[in-house]
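Here the structure comes first, spelled out in C-alpha cells, and everything after it is commentary.
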Amino acid sequence: MISRLRRRPEWQFFAVLPKADPLLAAVWWLLLLARGALPAVFAIAMGSMVGAVQHGSALAAPLTFMGTTFILLQVLTPVHQAVSANLGSRVAAWLNDALAEACVGPPGIGHLEDPELAEDLTVAREFDRGQTGPPMYMNVDFAAGGLVELAGGVASAVVLFGFNWWAPLLLVGAWSATHWLLRESGVWRDRNTTEVRSAQRHADYAYRLAVEPDAAKEVRLFGLADWTVQRFTDRRRRLFELQHAATRLRERPMIWCLLIVTVANGLVFWALGAAAIDGRLDLDRLVVFAQVAIGVSMIAFGGLNWVLDGAAAPVVAVQRLEPAMAPAGALTPARRPVAAAAPVRGRAVAIEIRDLSFRYPHATQPVFDGLDLTVPAGSSLAVVGQNGAGKTTLAKLLCRLYDPDAGSIEVDGDDLRDLDTDGWRTRVTAVFQDFLRLELPVRDNVAPAGAPEADILAALVDAGAGDLAGLDTRLATGYGDGIDLSGGQWQRIALARALCAVRQGAGLVLLDEPTAQLDVRGEAAIFDRILTATRDVTTILISHRFSTVRHADRICVLETGRVVELGSHEELMDVGGRYRTMFDLQAQRFTAEVDEQGMSYDTL
Ligand SMILES: Nc1ncnc2c1ncn2[C@@H]1O[C@H](COP(=O)(O)OP(=O)(O)OP(=O)(O)O)[C@@H](O)[C@H]1O
C-alpha cells in the first residue's frame with residue numbers, strides 16, 4: 001500500500017520538493033498551511049465581531065483579530081507565490097541536474113541510444129520549455145493554489161464540527177464526490193501514457209526540425225518548410241487531443257455531482273437555519289458556521305489534479321530514467337581488475353579480437369557474429385566494408401562504449417573488460433564521423449583535458465590546422481570574438497585532438513573517415529602527416545577512400561559481421577576478391593591530377 005502510494009506521480013512530485021531545497025520546501029508547506037487555515041480563522045473573527053456588536057462589548061479586540069487575519073490573507077498569497085516560483089525553479093534545476101548526471105554517469109553509451117528510453121528522455125529534457133504545459137515555476141505555484149484550497153476546505157470542516165458532527169462529514173463527502181467525477185472522466189488516470197509521451201516526442205522532433213540550424217539547409221532545399229510546420233502542428237494537435245480526452249468531464253457523473261452537492265448543502269443550511277430560528281444558535285455562531293459551511297466547498301476538485309499531473313510528469317520521467325539509464329549504460333564489471341598501464345608516450349597497443357559477437361540493445365540482427373582480428377602493436381590497419389558493415393561499431397567497442405555480448409577484445413594481453421575504463425581511455429583516441437564540436441577556444445577543442453601548449457600547437461600543425469585561428473579563439477559565433485569553421489576545418493580540429501592525445505600517451509588511434517571532409521590536396525598532405533605522427537602507435541583507419549586505405553600496413557574487409565579478407569593492399573589485390581572489386585570500382589573513377597606545383601593526387 002505504502003509502496004504503491006510512493007509510486008504515485010503526485011507523491012514523487014512532493015517528494016522532490018525537499019530534495020530541491022529543504023528550507024524553501026518547509027517554508028512553502030508552512031505558508032500553505034497558514035493560507036489554508038486563514039479562511040476558517042477569518043470566519044471565527046467575523047463571528048467574534050458580530051458577537052461583540054450583538055452584546056455591546058468592546059470592538060477593539062475583535063476588530064484587531066479580523067484586521068490581522070484579513071491582512072495576513074492578503075499578504076501571505078503574494079509571498080507564497082514568490083516562494084512557489086523560487087521553489088519551482090529549484091525543482092527544475094534539480095531535475096536538470098539529475099538528468100544530466102543520469103546521462104553522463106554511465107561509462108557506456110547504450111542508455112543514450114536505447115529506443116525504449118527515448119520518450120522519457122524527451123519529457124525529461126523538454127519539460128520546462130512550456131510547450132506541453134506550464135513551466136515548473138508556474139506549476140509549483142498552481143499546485144500551491146490547489147493545496148491551499150484543499151487545506152482551507154478541511155480547516156472549515158473542522159470548525160463546522162462545532163455545530164454538529166454530521167454537517168462537516170456530509171459536506172466533505174459531497175464535495176469529495178467531485179473528485180469521483182474527475183476519476184470517471186479519466187483525469188485521475190495517468191495522463192502521461194505511452195501514447196501521450198510518444199506524441200510529445202513526435203511534436204518535439206518536428207519542432208526541432210523547424211527551429212534548429214542543423215536541419216535548416218535541407219528543410220529549405222527539399223521544400224520541407226510547409227511539411228515541417230504541418231507535421232509539428234499535426235503532432236501537437238494530436239498531443240492536445242490526447243490530453244484533452246484525458247481531462248474531459250463526462251455528463252452523467254457531472255449531473256450526479258451537482259445533485260449530491262445541492263442536496264448536502266441544502267440539508268446543512270436547513271439545519272443551520274432551523275437551529276437559528278429555534279434559538280439554539282446565536283447570530284455570531286451562525287455567521288461562523290454559515291461561512292465555514294461554504295468554505296468546505298474549497299475541497300472540490302479545483303485545478304489540483306490537472307496541475308499535479310503536468311508537474312509530476314517530468315519528475316516521474318527523470319526518476320524512471322535514473323535507474324533505467326545506469327544499467328543500460330553500464331559496462332561489465334571486471335572479473336580480474338587490471339589497472340590500465342600508465343600512459344607511456346607513444347607506446348603502441350596490441351589488439352586481439354576473439355570470436356566477438358555484438359548486437360545493439362533491442363536490435364534484431366547482430367552486428368558481429370564471431371569476429372576474429374589481430375592488430376599487432378605499432379601497425380596500421382584499414383577497415384573497409386559496405387555501409388552498415390559494423391566499422392563504426394568496432395570503433396565504439398574498442399573505446400569500450402559498449403561491451404561485447406560474447407567473445408573478447410584483448411589489449412596487450414588483457415581483456416578490455418578487466419581494464420580500468422578511465423585508464424584505458426587515456427590510451428585510446430579517436431576521430432569519429434560525428435566528431436564533437438565544442439563551443440570553446442581552439443586550445444580546449446584540441447586538448448579538452450589540457451595539454452602543454454607545444455603539444456597542442458604541434459598537433460594543429462600535423463592536422464593542417466596550424467594557421468586556422470589563434471589558440472584562444474572561440475570556435476562558435478554569437479560570442480563576439482568567436483568564429484565558425486567549415487566542415488573540413490572542423491575535421492582538422494578533430495584530427496588535431498586525436499593527434500594531441502597521441503602526444504599525451506594514447507597508444508591506439510581510431511580514425512573513422514578522418515579525411516572525408518577534406519579537399520583532395522588537404523587529404524593527401526594530411527594523411528602523410530597523420531601517418532608520420534602515428535608512426536609509433538597502433539592505428540585503425542576506417543575509410544571508404546581507397547586512395548588512403550591502401551597506405552595502411554594491412555586492410556581488413558568486414559562483411560556480415562566477420563572479417564572476410566585480411567592482408568596488405570598488394571596481397572588483397574592479388575587475391576582478387578571483395579577488396580579488389582571495391583578498389584577497381586573506385587579506381588575506374590580515379591584520375592591522377594597534377595597541380596601547379598607538380599604534385600599528383602588521386603581524385604574521383
Ligand atoms: N545505436 C544503434 N542502435 C541500433 N543499431 C545500430 C546503432 N548504431 C548502428 N546500428 C546498426 O549497426 C549496424 C552497423 O552500424 P555501423 O555504424 O557500425 O556501420 P558502418 O560500417 O560504420 O557504416 P558506414 O560505412 O555507413 O559508416 C548497422 O546495421 C546499423 O543500423
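Just so we're on the same page: first chain in the C-alpha cells is A, next is B, and so on; residues restart at 1 for each chain, and ligands are numbered from 1 in the order they show up.
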
Once you count only C-alpha atoms and all ligand atoms, which residues end up within 10 Å of ligand 1, and could you hand them over as a ChimeraX atom specification? /A:109-115,358-368,383-397,432-433,512-513,542-544,558-561

Quick one: everything within 7 Å of Ala552 (chain A), counting only C-alpha atoms, minus sequence neighbours fewer than 4 positions away in the same chain. Send it as JSON, numbers by chain. {"A": [380, 381, 382]}

I need the alpha helix (DSSP H) residues of region 142-369 of chain A per DSSP on the backbone, written as an MDAnalysis selection string. chainID A and resid 142:160 166:184 194:211 213:221 225:247 251:278 283:295 304:328

Residue contacts of Met136 (chain A) (7 Å, only C-alpha atoms) excluding same-chain residues fewer than 5 positions away, as a ChimeraX atom specification: /A:88-89,92,128,311

Restrict the selected residues to C-alpha atoms and save them as a compact mmCIF listing (two decimals), in the first residue's frame.
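Final output, part13.txt:
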```
# COMPACT_ATOMS: atom_id res chain seq x y z
CA GLY A 88 9.69 25.66 -8.86
CA SER A 89 12.89 26.96 -10.43
CA ALA A 92 13.54 22.38 -12.45
CA ASP A 128 10.47 23.47 -18.82
CA ALA A 311 4.01 18.91 -12.80
```

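Close contacts of region 581-584 of chain A, defined as residues with an atom at most 10 Å away when counting only C-alpha atoms, with chain neighbours fewer than 2 positions off set aside, comprise Val384, Gly385, Gln386, His544, Arg545, Phe546, Ser547, Val549, Arg550, His569, Leu572, Met573, Gly576, Gly577, Arg578, Tyr579, Gln586, Ala587, Gln588, Arg589 and Phe590 of chain A.
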
Which residues come within 8 Å of region 351-354 of chain A, counting only C-alpha atoms, excluding same-chain residues fewer than 2 positions away, as a list in words? Val349, Leu356, Gly370, Leu371, Asp372, Leu373, Thr374, Val375, Pro376, Ala377, Gly407, Ser408, Ile409, Glu410, Val411, Asp412 and Gly413 of chain A

Strand (DSSP E) per DSSP on the backbone: members of region 111-360 of chain A, as an NGL selection string: :A and (351-358)

From CA of Leu73 (chain A) to CA of Arg35 (chain A) the spacing works out at 6.8 Å

I'd like the contact shell of Leu63 (chain A) - 10 Å cut-off, only C-alpha atoms, skipping same-chain residues fewer than 3 positions apart - returned as a PDB file with N, CA and C atoms, in the first residue's frame.
```pdb
ATOM      1  N   ALA A  45     -13.202  35.095  13.287  1.00  0.00           N
ATOM      2  CA  ALA A  45     -13.011  36.512  13.612  1.00  0.00           C
ATOM      3  C   ALA A  45     -14.283  37.303  13.324  1.00  0.00           C
ATOM      4  N   MET A  46     -14.890  36.971  12.189  1.00  0.00           N
ATOM      5  CA  MET A  46     -16.141  37.643  11.812  1.00  0.00           C
ATOM      6  C   MET A  46     -17.220  37.364  12.850  1.00  0.00           C
ATOM      7  N   SER A  48     -16.747  36.617  15.999  1.00  0.00           N
ATOM      8  CA  SER A  48     -16.442  37.333  17.252  1.00  0.00           C
ATOM      9  C   SER A  48     -16.827  38.803  17.137  1.00  0.00           C
ATOM     10  N   MET A  49     -16.688  39.365  15.949  1.00  0.00           N
ATOM     11  CA  MET A  49     -17.065  40.760  15.701  1.00  0.00           C
ATOM     12  C   MET A  49     -18.584  40.939  15.821  1.00  0.00           C
ATOM     13  N   ALA A  52     -19.600  40.661  19.382  1.00  0.00           N
ATOM     14  CA  ALA A  52     -19.284  41.869  20.155  1.00  0.00           C
ATOM     15  C   ALA A  52     -20.321  42.949  19.889  1.00  0.00           C
ATOM     16  N   ALA A  58     -16.698  45.588  23.855  1.00  0.00           N
ATOM     17  CA  ALA A  58     -15.677  46.411  23.191  1.00  0.00           C
ATOM     18  C   ALA A  58     -15.328  45.786  21.840  1.00  0.00           C
ATOM     19  N   LEU A  59     -15.116  46.655  20.845  1.00  0.00           N
ATOM     20  CA  LEU A  59     -14.877  46.146  19.482  1.00  0.00           C
ATOM     21  C   LEU A  59     -13.396  46.062  19.120  1.00  0.00           C
ATOM     22  N   ALA A  60     -12.545  46.636  19.988  1.00  0.00           N
ATOM     23  CA  ALA A  60     -11.121  46.729  19.629  1.00  0.00           C
ATOM     24  C   ALA A  60     -10.507  45.343  19.369  1.00  0.00           C
ATOM     25  N   MET A  66      -9.871  40.496  13.378  1.00  0.00           N
ATOM     26  CA  MET A  66     -10.352  40.427  11.999  1.00  0.00           C
ATOM     27  C   MET A  66      -9.379  41.107  11.036  1.00  0.00           C
ATOM     28  N   GLY A  67      -8.909  42.289  11.478  1.00  0.00           N
ATOM     29  CA  GLY A  67      -7.988  43.043  10.617  1.00  0.00           C
ATOM     30  C   GLY A  67      -6.708  42.276  10.368  1.00  0.00           C
ATOM     31  N   THR A  68      -6.172  41.692  11.466  1.00  0.00           N
ATOM     32  CA  THR A  68      -4.916  40.932  11.317  1.00  0.00           C
ATOM     33  C   THR A  68      -5.116  39.755  10.357  1.00  0.00           C
ATOM     34  N   THR A  69      -6.228  39.040  10.540  1.00  0.00           N
ATOM     35  CA  THR A  69      -6.492  37.885   9.674  1.00  0.00           C
ATOM     36  C   THR A  69      -6.621  38.343   8.224  1.00  0.00           C
TER      37      THR A  69
END
```

Selection: 7 Å around Leu510 (chain A), only C-alpha atoms, excl. self and same-chain fewer than 5 positions, as a list of chain:residue names: A:Ala395, A:Thr429, A:Ala430, A:Val431, A:Thr539, A:Ile540, A:Leu541

Which of A:Asp403, A:Glu453, A:Asp536, A:Asp418 sits closest to Arg347 (chain A) [using only C-alpha atoms]: A:Asp536

Using only C-alpha atoms, the residue out of A:Pro213, A:Gly153, A:Gly567, A:Gly310 with shortest distance to Val140 (chain A) is A:Gly310

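Compared by their closest atoms to Val287 (chain A), and using only C-alpha atoms, the residues A:Ala274, A:Cys500, A:Ala43, A:Cys399 rank with A:Ala43 nearest.
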
Between A:Ala271, A:Ala98, A:Ala465, A:Ala34, smallest distance to Leu76 (chain A) by only C-alpha atoms belongs to A:Ala34
